[in-house]
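Asker: Could you have a look at this structure, given as C-alpha cells, before my questions?
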Amino acid sequence: MQNESSLRIAIQKGGRLSEKTLSLLENIGLEFDNYKNRILVPCRNYDVELLLIRDDDIPEYVQDGICELGFVGHNVTAESRADVTHLRALGFGKCRLAVAAPKNSPIKSIKDLDGSRIATSYPVLTREHFEKQGLHIKTIEISGAVEIAPTLDVADAIADIVSTGGTLKTNGLVEVETILESEAELIQTNQPIPADKQELIQKFLMRMGARQQAEKSRYIMMNAPSDAVEEICRIIPSLKSPTVLPLAENDLVAIHSVIPTQQFWEVMEELKAAGASGIVILPIENMIV
Ligand code: ATP
Ligand code: ZN
C-alpha cells in the first residue's frame, strides 16, 4: 500500500537500532518486504512507508516534515537540537553520553578538565554540559574511534556513547561523569499534519502502546487448594483482579492473572510456598487496557 498521503517514518539504515526498530514495527502487524538495499520501503498492509537513512539525518528529516515520525536514539535528537516532539521512549538502544579520561591521568572529576581538550562526536551536548558548570573546554570533533584520541594526544579526555563500558576499559579510559542518559525514541514532526495522517498516527500509537504493555506483562496460570486463594491473590502483583475458576477435583481451583514480567521470578517461590502448583507463564501478544 502506498499513495500520496502515506505516513512516512524514518528509521536507521543498517545500524544498531535497525533490527529492533523493524521487529517492533513487525510486532504491531506491519509487513514490509525487500527492505534490504532500498531507501523507501512501502508497507504491504498499512498506509505507511519507511525511509531508511543514517541516524544523524533522522531528526532534521522529521523536523522539516519530510517524515512525520522517526525512530532514533535520544542522544542523536538532543545533539541535533531539532524542533520535534518526543512521543515515546522505546526501551531499547540504552546508552549514555559520558566523559571519560585516561585511567592514569590526574583527571578525577569534571572540574579537573577546565581548560582541556575533549574529543567527541557530540560537541553541542558536551559544550553545553561544561558551560553549565562554568568550565571552559575545547571540543575536538571526531566522527569515529573517539576513544583513541587521548592515546594519540589529540585530546585530554573524550565524551562518547557508552553502554557496557567495555570499549572504554579496553582503551584504558575511566568514566568521569554522565552528560546524558539515552534510549531509542519515537519522535514526531511539529509541522502541520493533515487529518488523515493524524488518524494513522493515532492508530499506530495505539498499536504500539498495546504491544509495549503486553511485553511488560505475562499471563500466569496455576492450581491451588481453595483455602489458599486469599493468600495467593495477596502475593500476585496483579495488573487486574485474578480470575478464580473451580476445578473438577475437590477443593482445587485454577487462578489466572496478568503480572508484570519483571516480578515473576520474585513471587514464584512465594506462590509455591502458599500451595500453588502447575504454575504456567505465557507471553501476551497484545494488551489493550
Ligand atoms: P549511522 O551509520 O546511522 O550514522 P552510527 O554509527 O552513528 O550509524 P550506531 O553505532 O548504529 O550509529 O548507533 C546507533 C544508536 O544506537 C546510537 O546513536 C545510540 O543511540 C545507540 N547505542 C546503544 N548502545 C550503543 C553503543 N554501545 N555505542 C554506540 N551507540 C549505541
Ligand atoms: Zn550516526
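Note on naming: chains are A, B, ... as they come in the C-alpha cells, residues start from 1 per chain, ligands start from 1 in the order shown.
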Under the rule of at most 8 Å, produce a per-residue listing of chain A near ligand 1: chain, number, name, the closest pair of atoms, and the distance in Å, as JSON lines, using only C-alpha atoms and all ligand atoms.

Answerer:
```
{"residue": "A:Gln12", "atom": "CA", "partner": "ligand 1", "partner_atom_place_in_ligand_line": "3 (O)", "distance": 5.5}
{"residue": "A:Lys13", "atom": "CA", "partner": "ligand 1", "partner_atom_place_in_ligand_line": "3 (O)", "distance": 6.0}
{"residue": "A:Gly14", "atom": "CA", "partner": "ligand 1", "partner_atom_place_in_ligand_line": "3 (O)", "distance": 6.8}
{"residue": "A:Gly15", "atom": "CA", "partner": "ligand 1", "partner_atom_place_in_ligand_line": "11 (O)", "distance": 3.4}
{"residue": "A:Arg16", "atom": "CA", "partner": "ligand 1", "partner_atom_place_in_ligand_line": "11 (O)", "distance": 3.8}
{"residue": "A:Leu17", "atom": "CA", "partner": "ligand 1", "partner_atom_place_in_ligand_line": "16 (O)", "distance": 5.4}
{"residue": "A:Ser18", "atom": "CA", "partner": "ligand 1", "partner_atom_place_in_ligand_line": "11 (O)", "distance": 7.8}
{"residue": "A:Ile53", "atom": "CA", "partner": "ligand 1", "partner_atom_place_in_ligand_line": "3 (O)", "distance": 6.7}
{"residue": "A:Arg54", "atom": "CA", "partner": "ligand 1", "partner_atom_place_in_ligand_line": "3 (O)", "distance": 3.5}
{"residue": "A:Asp55", "atom": "CA", "partner": "ligand 1", "partner_atom_place_in_ligand_line": "3 (O)", "distance": 4.0}
{"residue": "A:Asp56", "atom": "CA", "partner": "ligand 1", "partner_atom_place_in_ligand_line": "4 (O)", "distance": 5.4}
{"residue": "A:Val72", "atom": "CA", "partner": "ligand 1", "partner_atom_place_in_ligand_line": "20 (O)", "distance": 6.8}
{"residue": "A:Gly73", "atom": "CA", "partner": "ligand 1", "partner_atom_place_in_ligand_line": "20 (O)", "distance": 3.6}
{"residue": "A:His74", "atom": "CA", "partner": "ligand 1", "partner_atom_place_in_ligand_line": "20 (O)", "distance": 6.2}
{"residue": "A:Asn75", "atom": "CA", "partner": "ligand 1", "partner_atom_place_in_ligand_line": "20 (O)", "distance": 5.6}
{"residue": "A:Val76", "atom": "CA", "partner": "ligand 1", "partner_atom_place_in_ligand_line": "18 (O)", "distance": 5.6}
{"residue": "A:Phe92", "atom": "CA", "partner": "ligand 1", "partner_atom_place_in_ligand_line": "23 (C)", "distance": 7.9}
{"residue": "A:Gly93", "atom": "CA", "partner": "ligand 1", "partner_atom_place_in_ligand_line": "23 (C)", "distance": 4.1}
{"residue": "A:Lys94", "atom": "CA", "partner": "ligand 1", "partner_atom_place_in_ligand_line": "23 (C)", "distance": 5.2}
{"residue": "A:Cys95", "atom": "CA", "partner": "ligand 1", "partner_atom_place_in_ligand_line": "24 (N)", "distance": 4.8}
{"residue": "A:Arg96", "atom": "CA", "partner": "ligand 1", "partner_atom_place_in_ligand_line": "24 (N)", "distance": 7.9}
{"residue": "A:Gly144", "atom": "CA", "partner": "ligand 1", "partner_atom_place_in_ligand_line": "6 (O)", "distance": 7.9}
{"residue": "A:Ile161", "atom": "CA", "partner": "ligand 1", "partner_atom_place_in_ligand_line": "28 (N)", "distance": 5.3}
{"residue": "A:Val162", "atom": "CA", "partner": "ligand 1", "partner_atom_place_in_ligand_line": "27 (N)", "distance": 5.0}
{"residue": "A:Ser163", "atom": "CA", "partner": "ligand 1", "partner_atom_place_in_ligand_line": "27 (N)", "distance": 4.3}
{"residue": "A:Thr164", "atom": "CA", "partner": "ligand 1", "partner_atom_place_in_ligand_line": "27 (N)", "distance": 6.7}
{"residue": "A:Gly165", "atom": "CA", "partner": "ligand 1", "partner_atom_place_in_ligand_line": "27 (N)", "distance": 7.9}
{"residue": "A:Ser182", "atom": "CA", "partner": "ligand 1", "partner_atom_place_in_ligand_line": "20 (O)", "distance": 6.4}
{"residue": "A:Glu183", "atom": "CA", "partner": "ligand 1", "partner_atom_place_in_ligand_line": "20 (O)", "distance": 5.9}
{"residue": "A:Ala184", "atom": "CA", "partner": "ligand 1", "partner_atom_place_in_ligand_line": "20 (O)", "distance": 6.0}
```

Asker: If we count only C-alpha atoms and set the cut-off at 6 Å, which residues sit around A:Val99, ignoring sequence neighbours fewer than 5 positions away in its own chain? Please answer as a list in words.

Answerer: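 Selected residues are Ile158, Ala159, Glu175, Val176 and Glu177 of chain A.
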
Asker: Those same residues - all heavy atoms - I'd like them written as a compact mmCIF listing (two decimals), in the first residue's frame.

Answerer:
```txt
# COMPACT_ATOMS: atom_id res chain seq x y z
N ILE A 158 37.61 12.36 26.56
CA ILE A 158 36.61 12.21 25.48
C ILE A 158 35.20 12.33 26.07
O ILE A 158 35.00 12.18 27.28
CB ILE A 158 36.74 10.84 24.76
CG1 ILE A 158 36.38 9.67 25.72
CG2 ILE A 158 38.14 10.65 24.19
CD1 ILE A 158 36.12 8.36 25.00
N ALA A 159 34.25 12.59 25.19
CA ALA A 159 32.83 12.47 25.56
C ALA A 159 32.23 11.58 24.49
O ALA A 159 32.20 11.96 23.31
CB ALA A 159 32.16 13.83 25.58
N GLU A 175 35.27 6.36 33.25
CA GLU A 175 34.21 7.37 33.17
C GLU A 175 34.36 8.38 34.28
O GLU A 175 34.62 8.02 35.44
CB GLU A 175 32.86 6.68 33.31
CG GLU A 175 32.29 6.28 31.99
CD GLU A 175 30.94 5.60 32.13
OE1 GLU A 175 29.92 6.30 32.29
OE2 GLU A 175 30.93 4.36 32.10
N VAL A 176 34.16 9.64 33.94
CA VAL A 176 34.26 10.71 34.92
C VAL A 176 32.86 11.24 35.27
O VAL A 176 32.55 11.49 36.43
CB VAL A 176 35.15 11.85 34.39
CG1 VAL A 176 35.23 13.00 35.37
CG2 VAL A 176 36.55 11.35 34.06
N GLU A 177 32.02 11.37 34.26
CA GLU A 177 30.68 11.92 34.51
C GLU A 177 29.75 11.60 33.33
O GLU A 177 30.20 11.52 32.20
CB GLU A 177 30.78 13.43 34.69
CG GLU A 177 29.49 14.08 35.18
CD GLU A 177 29.75 15.44 35.82
OE1 GLU A 177 30.39 15.48 36.89
OE2 GLU A 177 29.32 16.45 35.25
```

Asker: If you run DSSP on the backbone here, which positions in stretch 9-204 of chain A get helix (DSSP H, G or I)? Please write them as an NGL selection string.

Answerer: :A and (18-27 or 55-63 or 74-80 or 110-113 or 123-132 or 146-148 or 166-170 or 195-204)

Asker: Of the candidates A:Arg117, A:Arg8, A:His136, A:Arg218, which one gets nearest to A:Trp265 if we count only C-alpha atoms?

Answerer: A:Arg218

Asker: Skipping near chain neighbours, those fewer than 3 positions away, what residues fall within 12 Å of A:Gly70 using only C-alpha atoms, listed as JSON, numbers by chain?

Answerer: {"A": [7, 8, 9, 10, 11, 12, 17, 18, 21, 49, 50, 51, 52, 53, 54, 55, 56, 57, 58, 59, 60, 61, 62, 63, 64, 65, 66, 67, 73, 74, 76, 77, 84, 85, 86, 87, 88, 89, 90, 184, 185, 186, 187, 188, 189, 201]}

Asker: Of the candidates A:Pro242, A:Pro106, A:Pro283, A:Gly166, which one gets nearest to A:His256 if we count only C-alpha atoms?

Answerer: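 Nearest candidate to A:His256 out of A:Pro242, A:Pro106, A:Pro283, A:Gly166: A:Pro242.
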
Asker: So, counting only C-alpha atoms and all ligand atoms, which residue among A:Ser121, A:Ser5, A:Asn286, A:Ser105 is closest to ligand 2?

Answerer: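 Of the candidates, the smallest distance to ligand 2 is held by A:Ser121.
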
Asker: One number please: atom CA of A:Gln262 to atom CA of A:Ile28, in Å, one decimal.

Answerer: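 Distance reported for this atom pair: 22.0 Å.
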
Asker: Would you list the contacts of A:Phe32 as a PyMOL selection string, taking every protein, DNA or RNA residue within 10 Å and counting only C-alpha atoms, but skipping same-chain residues closer than 5 positions in sequence?

Answerer: chain A and resi 22+25-26+41-46+48-50

Asker: A:Met206: which residues within 12 Å, counting only C-alpha atoms, same-chain residues fewer than 2 positions away excluded, as a tab-separated table (two decimals) with C-alpha atoms, in the first residue's frame?

Answerer:
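Final output, saved to part01.tsv:
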```tsv
chain	number	residue	atom	x	y	z
A	28	ILE	CA	2.49	-4.37	15.67
A	88	ARG	CA	7.61	7.56	23.29
A	199	GLU	CA	-5.57	9.46	12.34
A	200	LEU	CA	-2.99	6.96	11.08
A	201	ILE	CA	-0.55	8.16	13.74
A	202	GLN	CA	-3.15	7.69	16.48
A	203	LYS	CA	-3.85	4.12	15.33
A	204	PHE	CA	-0.13	3.47	15.07
A	208	MET	CA	2.49	0.41	19.86
A	209	GLY	CA	1.03	1.05	23.30
A	210	ALA	CA	-0.75	-2.32	23.28
A	211	ARG	CA	2.45	-4.09	22.30
A	212	GLN	CA	4.60	-2.28	24.86
A	213	GLN	CA	2.09	-3.08	27.58
A	286	ASN	CA	-1.11	-7.62	22.64
A	287	MET	CA	-2.85	-5.98	25.55
A	288	ILE	CA	-5.36	-3.17	25.47
A	289	VAL	CA	-6.02	-1.80	28.94
```

Asker: From the options A:Ser23, A:Gln198, A:Thr170, A:Ser80, which residue's atoms come nearest to ligand 2, counting only C-alpha atoms and all ligand atoms?

Answerer: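 Between A:Ser23, A:Gln198, A:Thr170, A:Ser80, the residue approaching ligand 2 most closely is A:Ser80.
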
Asker: Stretch 82-114 of chain A: which residues are strand (DSSP E) by DSSP, as number ranges by chain?

Answerer: A: 84-89, 95-102

Asker: Of the residues A:Met222, A:Ile255, A:Glu79, A:Phe264, which is the one nearest to ligand 2, using only C-alpha atoms and all ligand atoms?

Answerer: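 Of the candidates, the smallest distance to ligand 2 is held by A:Glu79.
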
Asker: Under the rule that only C-alpha atoms are counted, which of A:Ala195, A:Val253, A:Ile259, A:Ala276 is the nearest residue to A:Glu231?

Answerer: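 Smallest separation from A:Glu231 among the options: A:Ala276.
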
Asker: For the atom pair atom CA of A:Thr151 and atom CA of A:Gln133, what is the interatomic distance in Å to one decimal place?

Answerer: 26.5 Å
